[in-house]
Amino acid sequence: MDEKTGYLVLSTGDVLEGKWLGEVKATEGELVFNTAMTGYQEVMTDPSYAGQIVTMTYPLIGNYGFNEKDKESFKPSLSGLIISHPCHTPEHYQSSFTLTDMVDKYNIPTLYGIDTRALTRIIREHGEVYGKLSSRKDDVPENAMVDPDIVHKVSVSKITPITSKVNFAYQSINKPHVVVFDYGYKHSITHTLVELGCDVTVVPYNTKPDKIHSLAPDGIVLSNGPGDPQYLDYLAQDIRELTETYPTLGICLGHQLVALAYGAKTKRLPYGHRGSNHPVKELKSGKVWVTSQNHGYVVDTDSVETKDWEVSHINVNDRSVEGLVHRSLPVMTVQFHPEAHPGPIDTFSVFQEFVDKIPDKGEKQHA
């Protein structure tokens with residue numbers, strides 16, 4: 001293999017040397033790290049990483065290959081990938097292509113041979129770090145902010161129906177219809193809803209309530225997505241109207257947007273939660289769940305209006321808000337990813353609980 005030297009130059013002034021995997025392509029983005037030991041395909045195809053250069057802290061990436069089943073979007077949106085060691089000879093019965101194939105097919109700027117432990121320490125120390133993948137060690141990153149238009153770039157542009165062929169196990173009459181707002185949704189969210197017997201319609205992130213009413217949904221899911229939730233605060237009134245009308249589940253960015261719609265505030269974490277083993281405590285039962293997470297912002301605990309909202313889950317490590325439940329409306333939100341791709345299935349019950357809140361077709365439809 002013809003190894004070409006590349007550099008990761010950071011806004012901190014640090015420069016790390018590595019080798020290009022695939023074509024040489026300069027790119028810029030926010031530096032983040034993911035601590036998952038598996039699930040690199042799901043990470044690489046998660047739209048929530050749009051605008052970010054993702055560092056995988058696990059040293060060997062690509063060892064079980066890639067397939068067509070575990071993609072979380074039609075194409076990757078991340079700005080770049082940083083790894084320690086690539087595996088060129090994967091071993092798995094479902095593997096159909098390699099890490100290099102993936103990088104080449106989607107033209108993902110990638111450096112390997114980087115000291116990912118040193119890079120992770122830099123991110124942990126400085127928090128908000130931006131960088132550039134370049135062939136020049138004297139290059140400098142020009143971008144040092146989160147793209148305020150990033151959700152628009154990853155959301156679908158038209159309404160897309162997905163019909164379930166599964167018999168609905170939780171209700172006695174007809175399959176519920178769930179509208180998923182796409183802020184950068186993972187396909188495993190819609191797959192899970194379909195597996196539970198729901199008919200799903202995916203809509204653009206800025207679809208107006210009148211259009212949603214015309215679709216006659218039985219429930220609403222506000223998806224995950226990239227960026228700073230405060231850039232979408234202009235959607236607050238629409239989200240408030242929809243959550244006051246339909247049973248609602250907010251996931252990750254969707255969770256934060258629901259909180260903003262009801263007057264809470266969000267804030268940036270020092271360096272985010274990204275991985276598949278983050279402990280979260282369900283306050284009602286006292287049970288601790290192992291969760292999959294990918295977010296750089298959280299709901300400010302002190303800003304939650306406890307008269308209307310109950311904090312349902314907290315992060316065991318830093319006590320940040322991981323879930324909210326409305327005290328009178330059928331609205332629930334979680335900061336983690338209950339679809340758990342990648343990750344453990346501890347939190348699958350979140351989807352079941354949401355579907356249980358949806359009334360039978362013959363009953364009153366709206367809250």
# chains A, B, ... in the order shown; residues from 1 in each chain; ligands from 1
$ residues_around --residues "Thr55 in chain A" --least-positions-apart "3" --cutoff "9 Å" --atoms "only C-alpha atoms" --output "list in words"
Leu31, Val32, Phe33, Asn34, Thr35, Gly80, Leu81, Ile82, Ile83, Ser84, Thr116, Leu119 and Thr120 of chain A
$ select_by_dssp --residues "range 25-165 of chain A" --states "strand (DSSP E)" --output "VMD selection string"
chain A and resid 27 to 34 52 to 56 60 to 61 80 to 82 85 to 86 110 to 112 130 to 134 160 to 162
$ closest_residue --among "A:Tyr246, A:Trp20, A:Tyr130, A:Tyr112" --to "Glu142 in chain A" --atoms "only C-alpha atoms"
A:Tyr130
$ residues_around --residues "Ile358 in chain A" --least-positions-apart "6" --cutoff "8 Å" --atoms "only C-alpha atoms" --output "compact mmCIF listing (two decimals) with C-alpha atoms, in the first residue's frame"
# COMPACT_ATOMS: atom_id res chain seq x y z
CA PRO A 176 -50.91 3.23 14.67
CA ASP A 218 -51.54 8.83 16.11
CA GLY A 219 -48.16 9.77 17.55
CA PRO A 247 -48.50 11.45 22.07
CA GLN A 365 -56.95 10.34 19.09
$ residues_around --residues "range 5-17 of chain A" --least-positions-apart "6" --cutoff "6 Å" --atoms "only C-alpha atoms" --output "number ranges by chain"
A: 130-135, 137
$ write_last_selection --atoms "N, CA and C atoms" --output "PDB file, in the first residue's frame"
ATOM      1  N   TYR A 130     -11.677  22.290  17.225  1.00  0.00           N
ATOM      2  CA  TYR A 130     -11.912  22.178  15.791  1.00  0.00           C
ATOM      3  C   TYR A 130     -10.603  21.818  15.105  1.00  0.00           C
ATOM      4  N   GLY A 131     -10.721  21.146  13.968  1.00  0.00           N
ATOM      5  CA  GLY A 131      -9.505  20.697  13.316  1.00  0.00           C
ATOM      6  C   GLY A 131      -9.641  20.589  11.816  1.00  0.00           C
ATOM      7  N   LYS A 132      -8.508  20.281  11.174  1.00  0.00           N
ATOM      8  CA  LYS A 132      -8.469  20.124   9.726  1.00  0.00           C
ATOM      9  C   LYS A 132      -7.569  18.951   9.368  1.00  0.00           C
ATOM     10  N   LEU A 133      -8.048  18.076   8.505  1.00  0.00           N
ATOM     11  CA  LEU A 133      -7.236  17.027   7.927  1.00  0.00           C
ATOM     12  C   LEU A 133      -6.563  17.600   6.684  1.00  0.00           C
ATOM     13  N   SER A 134      -5.244  17.504   6.630  1.00  0.00           N
ATOM     14  CA  SER A 134      -4.504  18.173   5.574  1.00  0.00           C
ATOM     15  C   SER A 134      -3.231  17.403   5.253  1.00  0.00           C
ATOM     16  N   SER A 135      -2.646  17.689   4.102  1.00  0.00           N
ATOM     17  CA  SER A 135      -1.337  17.149   3.744  1.00  0.00           C
ATOM     18  C   SER A 135      -0.217  18.077   4.171  1.00  0.00           C
ATOM     19  N   LYS A 137       1.487  20.156   7.384  1.00  0.00           N
ATOM     20  CA  LYS A 137       1.503  20.276   8.843  1.00  0.00           C
ATOM     21  C   LYS A 137       1.424  21.728   9.297  1.00  0.00           C
TER      22      LYS A 137
END
$ closest_residue --among "A:Val156, A:Ala340, A:Leu111, A:Val355" --to "Phe74 in chain A" --atoms "only C-alpha atoms"
A:Val156
